[in-house]
Structure formats: C-alpha cells, structure tokens
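Below is one structure, written out as structure tokens; the observations come after it.
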Amino acid sequence: MDLALAPETLARWQFGITTVYHFLFVPLTISLAALTAGLQTAWVRTGKEKYLRATKFWGKLFLINIAMGVVTGIVQEFQFGMNWSDYSRFVGDIFGAPLAFEALIAFFFESTFIGLWIFGWDKLPKKIHLACIWMVSIGTILSAYFILAANSWMQHPVGYKINKVKGRAELTDFWAVLTQNTALSQVFHTLSAAFLTGGAFMVGIAAWHLFRKRHISVMKTSLRLGLVTVVIAGLLTAISGDTLGKVMFKQQPMKMAAAEALWNGEDSAPFSIFAVGDVDKGHNKVAIEIPGLLSYLANGDFGSHVPGINDVNKAEQQKYGPGDYRPVIPVTYWGFRWMIGFGMASFAIGVAGLWLTRKKFMLPQHLRVGEDEVPHLVLFKNKALSPKLGKLYWMLAIWTLGFPLIANSWGWIFTEMGRQPWVVFGVLQTRSAVSPGVGQGEVLTSMIVLTLLYAALAVVEVKLLAKYVKAGPPELTEADLNPPTKIGGDSHDADKPMAFSY
C-alpha cells in the first residue's frame, strides 16, 4: 500500500481539515460575544442609539458564526470513534472528563443564555437582557478552557496512571489536568489570539463601510473599538506566546528545535529569520539568524544551551526505543513563522490606525489625480495623508480581517504537527491511535464527503456574512428604544408572541 494513502495518514488529513476549518469560527465566537456584550453595556449605560445599532449588527454576525461553529465542531467528536477508536479507548477516561464538562456546563449554559438573548429583546428588561449576553461570553470562555485543558493534556500528560491490566490511561487528578502550566499558558495565548481575531474582524468590516462613507457613526465607534482590541490583544498574544514558548521548551524540546530549524544544540542559540535545510542530512544550507535570541526566548538567558533536533532525536530514541521522533520540519518551521507574521501584521495595522485617529477621525475623501479619483485620509487639522498611502492604509485595514484567521490556523498546525509522532506526548504514538478496523477506502470516502460538505458550508457562511455585512446596522424601532421594564414585557404587549430578534 502507498504510504501516502495509509489509513493513518488519511485519518490525520481528515482530522486536520475539519479541525482547522472549525477553528476559524472559535476565536470569532469568543471575541464577538464579549465585544457585543461591551457594546450593549455602553448602550445600557448611555442610551446612545449608535451603541444599540452596533450591538444588533455585530450580534447578528456573532450568531451566524456560532451556528456554523457548532455544526462543524460536532463532527470532530464523532471522528474519535470513527478513525481514532484506539486513542479513545486508551485515553477516554481522561480526555472525556474535560469534554463532558465543556458540554454539560459550558455549552448548555452558553446555549441557554443565547436563546434568552435572541428572543428576549421585547420580553426582558434591558439590564437582565444585557446579563444574558455576558453569560454567553462567559460560556464561550469556559468552553474554550475545558477544550484547551484536554488538548494540553495531550501535549503534557499529568494526573494519570497507566492501568496495565486494562491497557489504558486512567485519571487520578482532574484538578492537575485543569490547572497545569501547559493548560494555563495555552488558554492565555488562545484567548488573546481570539480577541486579536475579533478586533481585526471588526476593523476590517468597519473600514469597508467607512471607505464607502456608510453608517458613519456606528462604524466609527466600531473601528475604534476594533483598533483598541487589536492593539491590546496583540500585546497580550506576544506576552502569552513568550510564556507558552518557555513551557514548550521544557516539555517538548523537539518542537522548539523544529520551530527554529536548530539541528544541533548550541549555547547562545540563534533565532532563525529564514532557513533552507536538508532534512535527510540534518543541517541548514541557508540560514539568516539573530544570535542568542532563541536562548533568551527559551530560558530568559542569551547564553543558555538549547538542544537541537539531532540531539533530541537521539535522546528520545534512547528513552522510547528505535524510531524517528522528528516532526515534519518544513511545516513546523514555516507554520511558526506564518503564525507570528500574520498575527503581528494585524497588531501593526492596529497601532497605525490608533495613531491616525488619535485627534480627528479619519474618513476617506477623494482627490482628482489625473483622470482618476483617488481616496486618501483626512487627518487632524485637515492635513491629508498622500493619496497612495491613504488608499494603502484603508486596503490594509480591510485585509487585516483575515490575517489573524490565517495566524490561528497555522498556530494550531504548528502545535499539533510539532508534537508528532506522538498523539499523547511520550505516552501514545499516532500510529497506535487509529481505528484498527477502518480501511483506506472508508477513511478516504469520509474525508472526501466531509471536505465537500465543509466547502458547501463555507459558501453558505460567506454568503450569509456578506449579505448582512453589506446591509449594515439595522434601523431601530420604537420597541428597540423602549424595552420592557419587567420580565415578560409590559402590559400592553403581554399577549404578543415571542419573536426572533433578527
């Protein structure tokens, strides 16, 4: 059988496709819930209509996103039984616990309050209605926490023992699983990246409307909120990434070495800017590096020793037996750089946007240059950025909508690919986790079907988002501006049926 089409390889491709696709929605769900809650809080506190219109606009996009996230996420859990039954059998006692908490506490908690928020606009007092969207936001964060705790256990297994009679891992300390430093660092980093994603999403859409001079008041507010979110979240993402990198260096030295294409251990190890290597011979042909920086990132000391790929591979062969314990080096190396590059690009655009809007809000104007009207930016004191620079910034502000999504995807590819050949690091190898009774044809068929299904869902998602983004914030009705003062609505509308908000 061709190794490239082995059931293990196909199962990994299938799980990778569905996971990366699903994770496009997760960070937006987390961040848009909180940002929508913040906008609704501003409306409750100030009574300004622009905040209510913004709440309804971003809340609608949040609901579209979370619906697609739920649909795509359910498939992942079925795959544990379809293609990874040996994995489920071996770690189910441990892995199932945080997943059960996620479903019973976080997911149903979140779903209940989403329902109240959707249908409660004309039935709940505005402060109680506001509390519902904050509960949704808390639910999304709890969901992420439990899922990340489960994944962190795969990266660094703790709180368990191996039952040799039953041939499986058994949970001994659930609290250790939830609070180990791997989980806490990963939660911090993932949530920071989620808000970077939501902020960039808000910046891109608001910039698109402002570029066309539409819904100025709502979109000016949204753009500023998005820019502030991008800058704060970008800083936190960098800080949390540094923290997670130090944890990774101690727990998975191979992943750190592969991320930098560091083949042989060095004191004062360099950080690689660009490298072209020969995997078979275990060295780099071309390398552009910053001396000592990798040692500092790993240990906080520019002169410390960092083991290389070859060193770690030999050490793991001695510890775990013969084999190749290297991940796919090019994917790990470049995935790490795409993650950082696209994430920090959004942060830079956010910083530039905050500076440009610090005194007088920029709006696109049009100057006639030759035969064309070219957009530029009017800044404070009526000074204008050059037409070319003005157009460039607005285009970058719109494009930044997708940058963190790319960074998130490559971040998870790096995290999971860098752990290979382990599915549970140091405990269970990936080749031992696949379903033994599932053949090549079955996995290939399910992979093709799910990929095509997800492609169709992507078309639906994009069309729905495009439709409601283009429509812009809704106009407000008298009922919107005068919500009920008691639960169930006021006496004059007590007999009205409950209606969907959007």
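So you can find residues: chains in the structure tokens are A, B, ... in the order shown, residues in each start at 1, and ligands are numbered from 1 in order.
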
**OP:** Do a neighbour search on A:Ser85 at 7 Å with only C-alpha atoms, toss out local chain neighbours closer than 6 positions, and write the hits as a ChimeraX atom specification.
**Re:** /A:433-435

Selection file, N, CA and C atoms, as a tab-separated table (two decimals), in the first residue's frame:
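This went into out_15.tsv:
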chain	number	residue	atom	x	y	z
A	433	ALA	N	-2.90	4.96	17.54
A	433	ALA	CA	-4.17	5.55	17.98
A	433	ALA	C	-5.30	5.37	16.97
A	434	VAL	N	-4.98	4.97	15.73
A	434	VAL	CA	-6.02	4.88	14.70
A	434	VAL	C	-6.90	3.66	14.92
A	435	SER	N	-8.09	3.70	14.33
A	435	SER	CA	-9.02	2.57	14.43
A	435	SER	C	-8.48	1.39	13.63

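With only C-alpha atoms taken into account, the protein and nucleic acid residues at most 12 Å from A:Arg337 (excluding it and anything under 4 positions from it in its own chain) are Ala258, Ala259, Glu260, Ala261, Phe271, Ser272, Ile273, Phe274, Ala275, Pro330, Val331, Thr332, Tyr333, Gly341, Phe342, Gly343, Met344, Ala345, Ile406, Ala407, Asn408, Ser409, Trp410, Gly411, Ile413 and Phe414 of chain A.
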
Original post:
Between A:Gly92, A:Pro27, A:Gly73, A:Gly81, which has the minimum distance to A:Phe107 (counting only C-alpha atoms)?
Top reply: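 The answer is A:Gly73, which sits nearest to A:Phe107.
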
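What separates atom CA of A:Ala193 from atom CA of A:Leu236 is a distance of 8.2 Å.
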
Step one, run DSSP on the backbone; step two, keep only residues of stretch 118-210 of chain A assigned to strand (DSSP E); then write them as a tab-separated table (two decimals) with C-alpha atoms, in the first residue's frame.
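Done, and the output landed in part_32.tsv:
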chain	number	residue	atom	x	y	z
A	160	TYR	CA	-2.98	9.95	35.36
A	161	LYS	CA	-1.70	6.41	35.70
A	162	ILE	CA	-1.43	3.54	33.24
A	163	ASN	CA	-3.60	0.51	34.05
A	168	ARG	CA	-5.37	2.28	29.17
A	169	ALA	CA	-4.63	5.56	30.95
A	170	GLU	CA	-6.82	6.41	33.97
A	171	LEU	CA	-7.46	9.77	35.59

Original post:
Expressed in Å to a single decimal, how great is the separation between atom CA of A:Trp399 and atom CA of A:Thr229?
Top reply: 16.6 Å

Write out as a compact mmCIF listing (two decimals) with N, CA and C atoms, in the first residue's frame which residues come within 9 Å of A:Ala238 when counting only C-alpha atoms, dropping same-chain ones fewer than 4 positions away.
# COMPACT_ATOMS: atom_id res chain seq x y z
N HIS A 189 -2.85 32.26 25.82
CA HIS A 189 -2.44 32.57 24.45
C HIS A 189 -3.61 32.49 23.48
N SER A 192 -6.09 35.41 23.98
CA SER A 192 -5.52 36.65 23.45
C SER A 192 -5.63 36.68 21.94
N ALA A 233 -4.94 43.11 22.49
CA ALA A 233 -4.85 41.67 22.29
C ALA A 233 -3.54 41.27 21.63
N GLY A 234 -3.04 42.12 20.72
CA GLY A 234 -1.76 41.82 20.08
C GLY A 234 -0.62 41.79 21.09
N ASP A 242 5.26 34.17 24.40
CA ASP A 242 6.58 34.00 25.03
C ASP A 242 6.49 33.04 26.21
N THR A 243 5.45 33.20 27.03
CA THR A 243 5.25 32.31 28.17
C THR A 243 5.06 30.86 27.72
N ILE A 340 3.28 33.86 13.56
CA ILE A 340 3.78 35.12 14.12
C ILE A 340 3.60 36.27 13.12
N MET A 344 1.23 39.48 14.01
CA MET A 344 1.85 40.77 14.29
C MET A 344 1.55 41.80 13.20

**OP:** Would you list the contacts of A:Gly303 as a list in words, taking every protein, DNA or RNA residue within 12 Å and counting only C-alpha atoms, but skipping same-chain residues closer than 2 positions in sequence?
**Re:** Glu266, Asp267, Ser268, Ala269, Pro270, Pro291, Gly292, Leu293, Leu294, Ser295, Tyr296, Leu297, Ala298, Asn299, Gly300, Asp301, His305 and Val306 of chain A

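Residues within 7 Å of A:Leu116, counting only C-alpha atoms and excluding same-chain residues fewer than 4 positions away, are Thr112, Gly120 and Cys132 of chain A.
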
Subject >> DSSP alpha helix (DSSP H) residues within stretch 151-382 of chain A, as a count of residues only >> reply: 132

Subject >> Long-range neighbours of stretch 314-321 of chain A as a list in words, 12 Å cut-off, only C-alpha atoms, 2 positions minimum in chain >> reply: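 Listing them by chain and then by number gives Gln252, Pro253, Met254, Trp263, Asn264, Gly265, Pro307, Gly308, Ile309, Asn310, Asp311, Val312, Gly323, Asp324, Tyr325, Arg326, Pro421, Trp422, Phe425, Gly426, Val427, Leu428 and Gln429 of chain A.
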
When you look at A:Asn181 with a cut-off of 9 Å (counting only C-alpha atoms), what residues show up, excluding the ones that are within fewer than 5 positions of it in the same chain? I need them as a tab-separated table (two decimals) with C-alpha atoms, in the first residue's frame.
chain	number	residue	atom	x	y	z
A	186	GLN	CA	-2.35	27.79	26.26
A	244	LEU	CA	3.96	29.33	26.20
A	247	VAL	CA	6.79	25.99	28.72

Subject >> Selected residue, from A:Ala397, A:Ile138, A:Ala131, A:Met68, that lies nearest to A:Ala33 when counting only C-alpha atoms >> reply: A:Ile138

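For the pair atom CA of A:Leu130 and atom CA of A:Ala466, the interatomic distance is 26.7 Å.
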
Would you mind listing, for every residue of stretch 198-245 of chain A within 12 Å of stretch 391-396 of chain A, the two atoms forming the shortest contact and the distance between them in Å to one decimal, using only C-alpha atoms, sorted by chain and ascending residue number, as JSON lines?
{"residue": "A:Ala200", "atom": "CA", "partner": "A:Leu396", "partner_atom": "CA", "distance": 10.7}
{"residue": "A:Val203", "atom": "CA", "partner": "A:Leu396", "partner_atom": "CA", "distance": 10.1}
{"residue": "A:Gly204", "atom": "CA", "partner": "A:Leu396", "partner_atom": "CA", "distance": 8.4}
{"residue": "A:Ile205", "atom": "CA", "partner": "A:Trp394", "partner_atom": "CA", "distance": 11.0}
{"residue": "A:Ala206", "atom": "CA", "partner": "A:Trp394", "partner_atom": "CA", "distance": 10.4}
{"residue": "A:Ala207", "atom": "CA", "partner": "A:Trp394", "partner_atom": "CA", "distance": 6.7}
{"residue": "A:Trp208", "atom": "CA", "partner": "A:Trp394", "partner_atom": "CA", "distance": 8.0}
{"residue": "A:His209", "atom": "CA", "partner": "A:Trp394", "partner_atom": "CA", "distance": 10.7}
{"residue": "A:Leu210", "atom": "CA", "partner": "A:Trp394", "partner_atom": "CA", "distance": 9.2}
{"residue": "A:Phe211", "atom": "CA", "partner": "A:Trp394", "partner_atom": "CA", "distance": 7.1}
{"residue": "A:Arg212", "atom": "CA", "partner": "A:Trp394", "partner_atom": "CA", "distance": 10.8}
{"residue": "A:Leu223", "atom": "CA", "partner": "A:Trp394", "partner_atom": "CA", "distance": 11.7}

Kindly export the residues of the current selection with N, CA and C atoms, as a compact mmCIF listing (two decimals), in the first residue's frame.
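Saved result, result-v1.txt, follows:
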# COMPACT_ATOMS: atom_id res chain seq x y z
N ALA A 200 -9.70 42.44 14.71
CA ALA A 200 -9.37 42.61 13.29
C ALA A 200 -10.61 42.44 12.41
N VAL A 203 -12.40 45.68 12.70
CA VAL A 203 -11.68 46.73 11.98
C VAL A 203 -11.92 46.60 10.47
N GLY A 204 -11.80 45.38 9.95
CA GLY A 204 -11.94 45.19 8.52
C GLY A 204 -13.31 45.56 8.00
N ILE A 205 -14.35 45.13 8.70
CA ILE A 205 -15.71 45.42 8.24
C ILE A 205 -16.05 46.89 8.41
N ALA A 206 -15.65 47.47 9.55
CA ALA A 206 -15.91 48.90 9.77
C ALA A 206 -15.17 49.75 8.74
N ALA A 207 -13.92 49.38 8.42
CA ALA A 207 -13.15 50.12 7.42
C ALA A 207 -13.83 50.03 6.05
N TRP A 208 -14.37 48.88 5.73
CA TRP A 208 -15.06 48.71 4.44
C TRP A 208 -16.25 49.66 4.33
N HIS A 209 -17.03 49.78 5.40
CA HIS A 209 -18.18 50.69 5.38
C HIS A 209 -17.71 52.15 5.35
N LEU A 210 -16.72 52.50 6.14
CA LEU A 210 -16.25 53.88 6.19
C LEU A 210 -15.61 54.29 4.87
N PHE A 211 -14.95 53.36 4.22
CA PHE A 211 -14.35 53.64 2.91
C PHE A 211 -15.41 54.09 1.92
N ARG A 212 -16.63 53.59 2.14
CA ARG A 212 -17.76 53.94 1.26
C ARG A 212 -18.67 54.99 1.89
N LEU A 223 -14.87 50.86 14.56
CA LEU A 223 -13.47 50.86 14.15
C LEU A 223 -12.55 51.16 15.33

**OP:** Find, counting only C-alpha atoms, the residue in A:Ile17, A:Val459, A:Leu196, A:Met202 that gets nearest to A:Arg224.
**Re:**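 Checking each candidate against A:Arg224, we get A:Met202 as the closest.
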